[in-house]
>>> print(open('structure.txt').read())   # compact mmCIF, C-alpha atoms
# COMPACT_ATOMS: atom_id res chain seq x y z
CA MET A 1 10.59 37.53 37.56
CA ALA A 2 8.23 34.62 36.90
CA GLU A 3 9.37 31.92 34.53
CA PRO A 4 7.38 31.50 31.29
CA ALA A 5 4.61 28.89 31.40
CA TYR A 6 6.22 26.97 28.56
CA THR A 7 9.70 25.62 27.95
CA ARG A 8 11.78 27.41 25.33
CA LEU A 9 12.64 24.98 22.55
CA ASP A 10 14.50 25.06 19.27
CA VAL A 11 12.15 26.14 16.47
CA ASP A 12 12.38 22.84 14.60
CA GLU A 13 11.96 20.83 17.79
CA ARG A 14 8.91 22.85 18.82
CA ARG A 15 7.34 22.38 15.42
CA ARG A 16 8.05 18.65 15.51
CA GLN A 17 6.39 18.35 18.92
CA LEU A 18 3.37 20.35 17.76
CA LEU A 19 2.94 18.12 14.72
CA GLU A 20 3.14 15.01 16.92
CA LEU A 21 0.52 16.54 19.19
CA GLY A 22 -1.64 17.38 16.17
CA ALA A 23 -1.53 13.78 14.96
CA ASP A 24 -2.86 12.74 18.38
CA LEU A 25 -5.43 15.54 18.77
CA PHE A 26 -7.01 15.07 15.35
CA THR A 27 -7.30 11.38 16.17
CA ARG A 28 -9.15 12.08 19.41
CA TYR A 29 -11.23 15.04 18.20
CA ALA A 30 -13.09 15.89 15.04
CA TYR A 31 -11.73 18.95 13.23
CA ASP A 32 -14.59 21.18 14.47
CA GLU A 33 -14.37 19.95 18.05
CA ILE A 34 -11.12 21.67 18.96
CA SER A 35 -10.00 25.28 18.63
CA MET A 36 -6.57 26.85 18.39
CA ALA A 37 -6.98 27.90 22.02
CA GLY A 38 -7.67 24.29 22.96
CA ILE A 39 -4.68 23.09 20.97
CA ALA A 40 -2.46 25.66 22.71
CA ARG A 41 -3.70 24.44 26.10
CA GLU A 42 -2.97 20.84 25.15
CA ALA A 43 0.51 21.88 24.01
CA GLY A 44 1.17 23.92 27.16
CA ILE A 45 2.00 27.06 25.17
CA SER A 46 0.34 30.39 24.49
CA LYS A 47 -2.08 30.76 21.61
CA ALA A 48 0.16 33.50 20.20
CA LEU A 49 3.09 31.09 20.06
CA LEU A 50 0.93 28.48 18.32
CA TYR A 51 -0.08 31.07 15.72
CA HIS A 52 3.61 31.86 15.23
CA TYR A 53 4.10 28.33 13.92
CA PHE A 54 0.74 27.83 12.19
CA PRO A 55 -1.35 30.79 10.95
CA SER A 56 -4.66 28.90 11.25
CA LYS A 57 -6.20 25.66 12.44
CA GLN A 58 -6.53 24.56 8.82
CA ALA A 59 -2.81 25.12 8.28
CA TYR A 60 -2.06 23.11 11.42
CA PHE A 61 -4.36 20.29 10.32
CA GLN A 62 -2.84 20.23 6.84
CA ALA A 63 0.67 20.13 8.31
CA THR A 64 -0.17 17.10 10.46
CA LEU A 65 -1.58 15.31 7.43
CA ALA A 66 1.45 16.28 5.36
CA GLN A 67 3.68 14.76 8.01
CA ALA A 68 1.66 11.54 7.93
CA ALA A 69 1.91 11.43 4.13
CA GLY A 70 5.66 12.04 4.29
CA GLU A 71 6.11 9.28 6.84
CA LEU A 72 4.09 6.92 4.67
CA ARG A 73 6.17 7.79 1.62
CA LEU A 74 9.40 7.20 3.57
CA ILE A 75 8.51 3.78 4.95
CA THR A 76 7.40 2.46 1.55
CA GLU A 77 10.68 3.35 -0.17
CA PRO A 78 12.21 0.06 -1.39
CA VAL A 79 15.65 -1.12 -0.35
CA ASP A 80 18.23 -0.36 -3.04
CA GLY A 81 19.14 -3.35 -5.15
CA GLN A 82 16.10 -5.47 -4.36
CA PRO A 83 14.46 -7.42 -7.21
CA PRO A 84 11.28 -5.61 -8.37
CA LEU A 85 8.76 -8.11 -6.98
CA GLU A 86 10.58 -8.39 -3.66
CA ALA A 87 10.72 -4.61 -3.39
CA LEU A 88 7.01 -4.36 -4.16
CA LEU A 89 6.14 -6.93 -1.50
CA GLY A 90 8.27 -5.12 1.08
CA SER A 91 6.69 -1.75 0.30
CA LEU A 92 3.19 -3.21 0.28
CA ASP A 93 3.74 -4.90 3.63
CA ALA A 94 5.12 -1.68 5.16
CA TYR A 95 2.12 0.23 3.80
CA LEU A 96 -0.40 -2.17 5.32
CA VAL A 97 1.38 -2.22 8.69
CA TRP A 98 1.39 1.59 8.75
CA ILE A 99 -2.30 2.01 7.94
CA GLU A 100 -3.23 -0.59 10.55
CA GLU A 101 -1.18 1.22 13.20
CA HIS A 102 -2.35 4.69 12.08
CA GLU A 103 -5.90 3.91 11.02
CA THR A 104 -7.43 7.26 11.94
CA ALA A 105 -4.63 9.25 10.31
CA TYR A 106 -4.97 7.14 7.16
CA ARG A 107 -8.72 7.68 7.00
CA LYS A 108 -8.35 11.43 7.53
CA LEU A 109 -5.62 11.57 4.89
CA LEU A 110 -7.87 10.02 2.26
CA GLN A 111 -10.94 12.00 3.34
CA SER A 112 -9.04 15.29 3.26
CA ALA A 113 -7.55 14.54 -0.15
CA GLY A 114 -10.99 15.24 -1.62
CA SER A 115 -11.34 18.67 -0.03
CA VAL A 116 -7.89 20.06 0.85
CA PRO A 117 -5.77 20.85 -2.24
CA GLU A 118 -2.44 20.56 -0.40
CA VAL A 119 -3.31 17.11 0.93
CA ARG A 120 -4.62 16.02 -2.47
CA GLU A 121 -1.30 17.02 -4.02
CA LEU A 122 0.58 14.99 -1.42
CA VAL A 123 -1.54 11.88 -1.95
CA GLU A 124 -1.36 12.20 -5.74
CA GLY A 125 2.40 12.68 -5.47
CA ILE A 126 2.76 9.44 -3.50
CA ARG A 127 0.62 7.58 -6.03
CA SER A 128 2.57 9.00 -8.95
CA THR A 129 5.95 8.11 -7.43
CA THR A 130 4.74 4.63 -6.54
CA ALA A 131 3.37 4.06 -10.05
CA ASP A 132 6.66 5.15 -11.63
CA ARG A 133 8.60 2.86 -9.29
CA ILE A 134 6.46 -0.17 -10.18
CA VAL A 135 6.53 0.51 -13.93
CA GLU A 136 10.29 1.01 -13.90
CA GLY A 137 10.64 -2.42 -12.30
CA LEU A 138 8.90 -4.16 -15.21
CA PRO A 139 10.92 -5.89 -17.95
CA LEU A 140 11.67 -3.39 -20.69
CA SER A 141 9.69 -5.40 -23.24
CA ALA A 142 6.72 -6.08 -20.94
CA VAL A 143 4.29 -3.38 -22.06
CA PRO A 144 4.27 0.18 -23.41
CA SER A 145 4.81 2.48 -20.44
CA PRO A 146 1.56 4.53 -20.74
CA ARG A 147 -0.59 1.39 -20.56
CA ALA A 148 1.39 -0.03 -17.65
CA ARG A 149 1.24 3.24 -15.75
CA ALA A 150 -2.52 3.56 -16.28
CA ALA A 151 -3.00 0.03 -14.94
CA VAL A 152 -0.88 0.79 -11.86
CA ILE A 153 -2.58 4.13 -11.14
CA GLY A 154 -5.97 2.41 -11.33
CA TRP A 155 -4.71 -0.30 -8.99
CA LEU A 156 -3.52 2.28 -6.43
CA TRP A 157 -7.04 3.76 -6.28
CA PHE A 158 -8.43 0.24 -5.92
CA MET A 159 -5.93 -0.50 -3.15
CA ASP A 160 -7.11 2.35 -0.94
CA GLY A 161 -10.74 1.28 -1.39
CA ALA A 162 -9.87 -2.30 -0.47
CA CYS A 163 -7.84 -1.15 2.54
CA LEU A 164 -10.70 0.97 3.86
CA GLU A 165 -13.09 -1.98 3.50
CA TRP A 166 -10.61 -4.19 5.35
CA LEU A 167 -10.25 -1.67 8.17
CA ASP A 168 -14.04 -1.42 8.45
CA ARG A 169 -14.75 -5.15 8.63
CA ARG A 170 -11.51 -7.02 9.47
CA ALA A 171 -13.05 -10.05 7.79
CA PHE A 172 -9.64 -11.49 6.81
CA THR A 173 -6.00 -11.14 7.75
CA ARG A 174 -3.49 -8.53 6.65
CA ASP A 175 -1.50 -11.19 4.82
CA GLU A 176 -4.64 -12.22 2.93
CA LEU A 177 -5.20 -8.59 1.99
CA LYS A 178 -1.60 -8.31 0.80
CA GLY A 179 -2.02 -11.40 -1.36
CA MET A 180 -5.24 -10.07 -2.84
CA LEU A 181 -3.67 -6.69 -3.62
CA LEU A 182 -0.65 -8.27 -5.27
CA GLY A 183 -2.92 -10.51 -7.33
CA THR A 184 -5.04 -7.61 -8.54
CA LEU A 185 -1.95 -5.63 -9.50
CA LEU A 186 -0.56 -8.52 -11.51
CA GLY A 187 -4.01 -8.99 -13.07
CA ALA A 188 -4.18 -5.32 -14.06
CA LEU A 189 -0.73 -5.43 -15.61
CA THR A 190 -1.55 -8.65 -17.45
CA ALA A 191 -4.73 -7.06 -18.80
CA ALA A 192 -2.57 -4.18 -20.01
CA GLY A 193 -0.43 -6.65 -21.91
CA ALA A 194 2.45 -7.06 -19.49
CA SER A 195 4.28 -10.32 -18.83
CA VAL A 196 5.15 -10.14 -15.15
CA PRO A 197 7.15 -12.80 -13.30
CA VAL A 198 5.14 -14.19 -10.39
CA ARG A 199 6.20 -16.12 -7.34
CA GLU A 200 4.15 -17.36 -4.41
CA THR A 201 3.56 -14.62 -1.86
CA PRO A 202 4.64 -15.25 1.76
>>> encode(input="structure.txt", output="structure tokens")
Amino acid sequence: MAEPAYTRLDVDERRRQLLELGADLFTRYAYDEISMAGIAREAGISKALLYHYFPSKQAYFQATLAQAAGELRLITEPVDGQPPLEALLGSLDAYLVWIEEHETAYRKLLQSAGSVPEVRELVEGIRSTTADRIVEGLPLSAVPSPRARAAVIGWLWFMDGACLEWLDRRAFTRDELKGMLLGTLLGALTAAGASVPVRETP
């Protein structure tokens, strides 16, 4: 009896490999340029098996973006016990390194957030968690929480716009971008009435 054309893998391992492939395929091809049949060929599996894991191309695309968002959320988690400003700098640096190394995935993540509800929820969830983390790191007497949180949420939207502009033009270094982003965050919090300790950025 002939062996199957694909290797039998654990369900979780197969899904992980398919998501890794999706991250690559949707970097190399526009969404409309590749079909489920083409994805199955790239994966070396049958189309029926691909549909077993993902009921549609949209579901597959959304899952690859969700994985990218989850990875981004994981790498920006601060180290326990770090001072607030040091934790912020570490998370900001990790964020900028990730988007530089995964530029296409980052662009697609932001573009899809405007049209795919599941992706929008993921992106908004990351922003919300990040805003809470920053506000919680402020001195208790710095500013009423609603004002601080509004300033931080506005800054997070600004940050993605600035990052996209930086990726487009590369007119200055990543460290210069990090310094600018930190400065605008501190400016937003100051405008909201916060008193935030500042040290020179590396």
>>> residues_around(input="structure.txt", residues="Arg107 (chain A)", least_positions_apart="6", cutoff="12 Å", atoms="all atoms listed in the file", output="ChimeraX atom specification")
/A:26-27,65,68-69,98-101,113-114,160-161,163-165,167-168
>>> closest_residue(input="structure.txt", among="A:Val79, A:Ala188, A:Val135, A:Leu49", to="Arg14 (chain A)", atoms="only C-alpha atoms")
A:Leu49
>>> atom_distance(input="structure.txt", atom1="CA of Phe158 (chain A)", atom2="CA of Ala23 (chain A)")
25.8 Å
>>> atom_distance(input="structure.txt", atom1="CA of Asp93 (chain A)", atom2="CA of Leu74 (chain A)")
13.4 Å
>>> closest_residue(input="structure.txt", among="A:Met159, A:Ser145, A:Arg15, A:Gly137", to="Phe54 (chain A)", atoms="only C-alpha atoms")
A:Arg15
>>> closest_residue(input="structure.txt", among="A:Lys47, A:His102, A:Lys57, A:Arg133", to="Glu77 (chain A)", atoms="only C-alpha atoms")
A:Arg133
>>> atom_distance(input="structure.txt", atom1="CA of Ser91 (chain A)", atom2="CA of Tyr60 (chain A)")
28.6 Å
>>> closest_residue(input="structure.txt", among="A:Thr104, A:Thr130, A:Thr184, A:Ser115", to="Arg149 (chain A)", atoms="only C-alpha atoms")
A:Thr130
>>> axis_aligned_box(input="structure.txt", around="region 48-61 of chain A", padding_each_side="8 Å", output="JSON")
{"center_x": -1.2, "center_y": 26.9, "center_z": 14.2, "size_x": 26.6, "size_y": 29.2, "size_z": 27.9}
>>> closest_residue(input="structure.txt", among="A:Arg169, A:Arg127, A:His52, A:Arg73", to="Val11 (chain A)", atoms="all atoms listed in the file")
A:His52
>>> closest_residue(input="structure.txt", among="A:Asp10, A:Leu72, A:Leu181, A:Ile34", to="Ala94 (chain A)", atoms="only C-alpha atoms")
A:Leu72
>>> closest_atom_pairs(input="structure.txt", of="region 29-89 of chain A", to="region 18-22 of chain A", cutoff="10 Å", atoms="all atoms listed in the file", output="Markdown table")
| residue | atom | partner | partner_atom | distance |
| --- | --- | --- | --- | --- |
| A:Ile39 | CA | A:Gly22 | CA | 8.1 |
| A:Ala40 | CA | A:Leu18 | CA | 9.3 |
| A:Glu42 | CA | A:Leu21 | CA | 8.1 |
| A:Ala43 | CA | A:Leu18 | CA | 7.0 |
| A:Leu50 | CA | A:Leu18 | CA | 8.5 |
| A:Tyr53 | CA | A:Leu18 | CA | 8.9 |
| A:Phe54 | CA | A:Leu18 | CA | 9.7 |
| A:Tyr60 | CA | A:Gly22 | CA | 7.5 |
| A:Phe61 | CA | A:Gly22 | CA | 7.1 |
| A:Gln62 | CA | A:Gly22 | CA | 9.8 |
| A:Ala63 | CA | A:Leu19 | CA | 7.1 |
| A:Thr64 | CA | A:Leu19 | CA | 5.4 |
| A:Leu65 | CA | A:Gly22 | CA | 9.0 |
| A:Ala66 | CA | A:Leu19 | CA | 9.7 |
| A:Gln67 | CA | A:Leu19 | CA | 7.5 |
| A:Ala68 | CA | A:Leu19 | CA | 9.5 |
>>> decode(input="structure.txt", residues="region 167-179 of chain A", atoms="all heavy atoms", output="PDB file, in the first residue's frame")
ATOM      1  N   LEU A 167       9.118  52.882   9.211  1.00  0.00           N
ATOM      2  CA  LEU A 167       9.349  51.745   8.325  1.00  0.00           C
ATOM      3  C   LEU A 167       9.337  52.172   6.861  1.00  0.00           C
ATOM      4  O   LEU A 167      10.083  51.640   6.038  1.00  0.00           O
ATOM      5  CB  LEU A 167       8.281  50.668   8.566  1.00  0.00           C
ATOM      6  CG  LEU A 167       8.361  49.926   9.901  1.00  0.00           C
ATOM      7  CD1 LEU A 167       7.122  49.051  10.095  1.00  0.00           C
ATOM      8  CD2 LEU A 167       9.623  49.069   9.987  1.00  0.00           C
ATOM      9  N   ASP A 168       8.492  53.133   6.526  1.00  0.00           N
ATOM     10  CA  ASP A 168       8.404  53.608   5.146  1.00  0.00           C
ATOM     11  C   ASP A 168       9.671  54.340   4.711  1.00  0.00           C
ATOM     12  O   ASP A 168      10.155  54.158   3.589  1.00  0.00           O
ATOM     13  CB  ASP A 168       7.212  54.557   4.972  1.00  0.00           C
ATOM     14  CG  ASP A 168       5.889  53.827   4.934  1.00  0.00           C
ATOM     15  OD1 ASP A 168       5.882  52.607   4.661  1.00  0.00           O
ATOM     16  OD2 ASP A 168       4.847  54.474   5.184  1.00  0.00           O
ATOM     17  N   ARG A 169      10.219  55.171   5.591  1.00  0.00           N
ATOM     18  CA  ARG A 169      11.281  56.091   5.172  1.00  0.00           C
ATOM     19  C   ARG A 169      12.658  55.773   5.739  1.00  0.00           C
ATOM     20  O   ARG A 169      13.669  56.121   5.128  1.00  0.00           O
ATOM     21  CB  ARG A 169      10.892  57.524   5.555  1.00  0.00           C
ATOM     22  CG  ARG A 169       9.610  57.998   4.881  1.00  0.00           C
ATOM     23  CD  ARG A 169       9.263  59.419   5.249  1.00  0.00           C
ATOM     24  NE  ARG A 169       8.010  59.843   4.673  1.00  0.00           N
ATOM     25  CZ  ARG A 169       7.868  60.319   3.439  1.00  0.00           C
ATOM     26  NH1 ARG A 169       8.928  60.441   2.657  1.00  0.00           N
ATOM     27  NH2 ARG A 169       6.679  60.677   2.980  1.00  0.00           N
ATOM     28  N   ARG A 170      12.722  55.153   6.903  1.00  0.00           N
ATOM     29  CA  ARG A 170      14.006  54.852   7.564  1.00  0.00           C
ATOM     30  C   ARG A 170      14.906  56.085   7.585  1.00  0.00           C
ATOM     31  O   ARG A 170      16.104  56.013   7.293  1.00  0.00           O
ATOM     32  CB  ARG A 170      14.708  53.705   6.846  1.00  0.00           C
ATOM     33  CG  ARG A 170      13.896  52.428   6.737  1.00  0.00           C
ATOM     34  CD  ARG A 170      13.628  51.814   8.102  1.00  0.00           C
ATOM     35  NE  ARG A 170      12.825  50.612   7.987  1.00  0.00           N
ATOM     36  CZ  ARG A 170      13.219  49.415   8.405  1.00  0.00           C
ATOM     37  NH1 ARG A 170      14.374  49.283   9.004  1.00  0.00           N
ATOM     38  NH2 ARG A 170      12.438  48.368   8.259  1.00  0.00           N
ATOM     39  N   ALA A 171      14.346  57.209   7.934  1.00  0.00           N
ATOM     40  CA  ALA A 171      15.084  58.469   7.912  1.00  0.00           C
ATOM     41  C   ALA A 171      15.906  58.683   9.189  1.00  0.00           C
ATOM     42  O   ALA A 171      16.695  59.622   9.255  1.00  0.00           O
ATOM     43  CB  ALA A 171      14.115  59.637   7.716  1.00  0.00           C
ATOM     44  N   PHE A 172      15.709  57.834  10.193  1.00  0.00           N
ATOM     45  CA  PHE A 172      16.481  57.927  11.428  1.00  0.00           C
ATOM     46  C   PHE A 172      16.541  56.545  12.051  1.00  0.00           C
ATOM     47  O   PHE A 172      15.907  55.598  11.574  1.00  0.00           O
ATOM     48  CB  PHE A 172      15.869  58.955  12.393  1.00  0.00           C
ATOM     49  CG  PHE A 172      14.375  58.847  12.555  1.00  0.00           C
ATOM     50  CD1 PHE A 172      13.828  58.075  13.552  1.00  0.00           C
ATOM     51  CD2 PHE A 172      13.522  59.540  11.700  1.00  0.00           C
ATOM     52  CE1 PHE A 172      12.456  57.965  13.707  1.00  0.00           C
ATOM     53  CE2 PHE A 172      12.144  59.453  11.842  1.00  0.00           C
ATOM     54  CZ  PHE A 172      11.620  58.655  12.846  1.00  0.00           C
ATOM     55  N   THR A 173      17.343  56.416  13.096  1.00  0.00           N
ATOM     56  CA  THR A 173      17.607  55.097  13.662  1.00  0.00           C
ATOM     57  C   THR A 173      16.479  54.617  14.569  1.00  0.00           C
ATOM     58  O   THR A 173      15.626  55.402  14.999  1.00  0.00           O
ATOM     59  CB  THR A 173      18.901  55.115  14.481  1.00  0.00           C
ATOM     60  OG1 THR A 173      18.711  55.928  15.655  1.00  0.00           O
ATOM     61  CG2 THR A 173      20.069  55.664  13.666  1.00  0.00           C
ATOM     62  N   ARG A 174      16.518  53.326  14.885  1.00  0.00           N
ATOM     63  CA  ARG A 174      15.525  52.764  15.795  1.00  0.00           C
ATOM     64  C   ARG A 174      15.660  53.375  17.185  1.00  0.00           C
ATOM     65  O   ARG A 174      14.657  53.628  17.859  1.00  0.00           O
ATOM     66  CB  ARG A 174      15.672  51.245  15.863  1.00  0.00           C
ATOM     67  CG  ARG A 174      14.550  50.563  16.648  1.00  0.00           C
ATOM     68  CD  ARG A 174      14.651  49.059  16.548  1.00  0.00           C
ATOM     69  NE  ARG A 174      15.765  48.545  17.295  1.00  0.00           N
ATOM     70  CZ  ARG A 174      16.622  47.627  16.862  1.00  0.00           C
ATOM     71  NH1 ARG A 174      16.488  47.132  15.643  1.00  0.00           N
ATOM     72  NH2 ARG A 174      17.613  47.203  17.609  1.00  0.00           N
ATOM     73  N   ASP A 175      16.883  53.615  17.631  1.00  0.00           N
ATOM     74  CA  ASP A 175      17.074  54.236  18.938  1.00  0.00           C
ATOM     75  C   ASP A 175      16.505  55.656  18.967  1.00  0.00           C
ATOM     76  O   ASP A 175      15.952  56.093  19.982  1.00  0.00           O
ATOM     77  CB  ASP A 175      18.562  54.269  19.301  1.00  0.00           C
ATOM     78  CG  ASP A 175      19.056  52.929  19.835  1.00  0.00           C
ATOM     79  OD1 ASP A 175      18.206  52.085  20.186  1.00  0.00           O
ATOM     80  OD2 ASP A 175      20.279  52.724  19.897  1.00  0.00           O
ATOM     81  N   GLU A 176      16.649  56.379  17.859  1.00  0.00           N
ATOM     82  CA  GLU A 176      16.068  57.721  17.787  1.00  0.00           C
ATOM     83  C   GLU A 176      14.546  57.653  17.834  1.00  0.00           C
ATOM     84  O   GLU A 176      13.887  58.493  18.466  1.00  0.00           O
ATOM     85  CB  GLU A 176      16.537  58.435  16.520  1.00  0.00           C
ATOM     86  CG  GLU A 176      18.005  58.847  16.568  1.00  0.00           C
ATOM     87  CD  GLU A 176      18.499  59.416  15.247  1.00  0.00           C
ATOM     88  OE1 GLU A 176      18.077  58.918  14.174  1.00  0.00           O
ATOM     89  OE2 GLU A 176      19.311  60.352  15.288  1.00  0.00           O
ATOM     90  N   LEU A 177      13.984  56.652  17.170  1.00  0.00           N
ATOM     91  CA  LEU A 177      12.534  56.462  17.225  1.00  0.00           C
ATOM     92  C   LEU A 177      12.099  56.145  18.647  1.00  0.00           C
ATOM     93  O   LEU A 177      11.104  56.698  19.147  1.00  0.00           O
ATOM     94  CB  LEU A 177      12.116  55.329  16.280  1.00  0.00           C
ATOM     95  CG  LEU A 177      10.642  54.912  16.329  1.00  0.00           C
ATOM     96  CD1 LEU A 177       9.735  56.056  15.909  1.00  0.00           C
ATOM     97  CD2 LEU A 177      10.400  53.686  15.444  1.00  0.00           C
ATOM     98  N   LYS A 178      12.845  55.278  19.324  1.00  0.00           N
ATOM     99  CA  LYS A 178      12.500  54.924  20.705  1.00  0.00           C
ATOM    100  C   LYS A 178      12.522  56.157  21.602  1.00  0.00           C
ATOM    101  O   LYS A 178      11.619  56.357  22.422  1.00  0.00           O
ATOM    102  CB  LYS A 178      13.471  53.862  21.233  1.00  0.00           C
ATOM    103  CG  LYS A 178      13.176  53.414  22.658  1.00  0.00           C
ATOM    104  CD  LYS A 178      14.034  52.225  23.067  1.00  0.00           C
ATOM    105  CE  LYS A 178      15.484  52.621  23.227  1.00  0.00           C
ATOM    106  NZ  LYS A 178      16.298  51.521  23.784  1.00  0.00           N
ATOM    107  N   GLY A 179      13.545  56.990  21.431  1.00  0.00           N
ATOM    108  CA  GLY A 179      13.621  58.209  22.227  1.00  0.00           C
ATOM    109  C   GLY A 179      12.460  59.147  21.958  1.00  0.00           C
ATOM    110  O   GLY A 179      11.899  59.747  22.885  1.00  0.00           O
TER     111      GLY A 179
END
